[in-house]
Amino acid sequence: MAQGLHLRNLIVDLERREVIDLLPVRSAGATADWLKQHPDIEMICRDRCGSFAQGAHEGAPQARQVADRFHILQNLREAIQAQLSRAADPPLAPYCPQTSTTSARR
């Protein structure tokens, strides 16, 4: 992380497209505490941060967790890159037993 950069959790109501809160720190505990104060939360759209997933699970076990569009596409891009990098490796030469030219003419 760059010096002086502090990550935070931005809480947004995606249905109303409104910012609800900005948590002072990005941690599982802060996320869980906020969610416990809002028991009506049904769905959490989040990034791939493990601490946020843990906080969401602890603070709102009733809520379904889903990935946002950006991170779904990021996962897809990474999977495609992994497949393409494997495909870029030189293929193994197929095994072709040598036949003698004299036996091939018979």
# chains A, B, ... in the order shown; residues from 1 in each chain; ligands from 1

call {"tool": "residues_around", "arguments": {"residues": "range 29-39 of chain A", "least_positions_apart": "6", "cutoff": "9 Å", "atoms": "only C-alpha atoms", "output": "PyMOL selection string"}}
result
chain A and resi 9+23+51-52+54-60+62

call {"tool": "write_last_selection", "arguments": {"atoms": "N, CA and C atoms", "output": "short mmCIF file (atom, residue, chain, number, x, y, z; two decimals), in the first residue's frame"}}
result
data_model
loop_
_atom_site.label_atom_id
_atom_site.label_comp_id
_atom_site.auth_asym_id
_atom_site.auth_seq_id
_atom_site.Cartn_x
_atom_site.Cartn_y
_atom_site.Cartn_z
N ASN A 9 -14.03 1.20 4.05
CA ASN A 9 -15.21 0.54 3.48
C ASN A 9 -16.27 1.58 3.19
N LEU A 23 -16.88 3.77 6.51
CA LEU A 23 -16.28 3.27 7.75
C LEU A 23 -14.85 3.79 7.86
N SER A 51 -11.13 -9.96 4.43
CA SER A 51 -11.59 -9.42 5.71
C SER A 51 -13.01 -8.87 5.59
N PHE A 52 -13.35 -8.32 4.45
CA PHE A 52 -14.71 -7.84 4.26
C PHE A 52 -15.69 -9.01 4.22
N GLN A 54 -15.32 -11.87 5.75
CA GLN A 54 -15.43 -12.35 7.13
C GLN A 54 -16.33 -11.43 7.94
N GLY A 55 -16.15 -10.13 7.81
CA GLY A 55 -16.97 -9.17 8.53
C GLY A 55 -18.43 -9.26 8.12
N ALA A 56 -18.68 -9.47 6.85
CA ALA A 56 -20.05 -9.61 6.36
C ALA A 56 -20.69 -10.87 6.93
N HIS A 57 -19.94 -11.94 6.97
CA HIS A 57 -20.46 -13.20 7.52
C HIS A 57 -20.77 -13.08 9.01
N GLU A 58 -19.87 -12.44 9.74
CA GLU A 58 -20.06 -12.28 11.18
C GLU A 58 -21.16 -11.27 11.51
N GLY A 59 -21.23 -10.19 10.76
CA GLY A 59 -22.16 -9.12 11.07
C GLY A 59 -23.55 -9.30 10.51
N ALA A 60 -23.65 -10.05 9.41
CA ALA A 60 -24.96 -10.25 8.77
C ALA A 60 -25.03 -11.67 8.21
N GLN A 62 -27.39 -13.58 7.91
CA GLN A 62 -28.60 -13.80 7.15
C GLN A 62 -28.48 -13.29 5.71
#

call {"tool": "select_by_dssp", "arguments": {"residues": "range 6-71 of chain A", "states": "strand (DSSP E or B)", "output": "PyMOL selection string"}}
result
chain A and resi 9-13+18-23+43-46+64-67
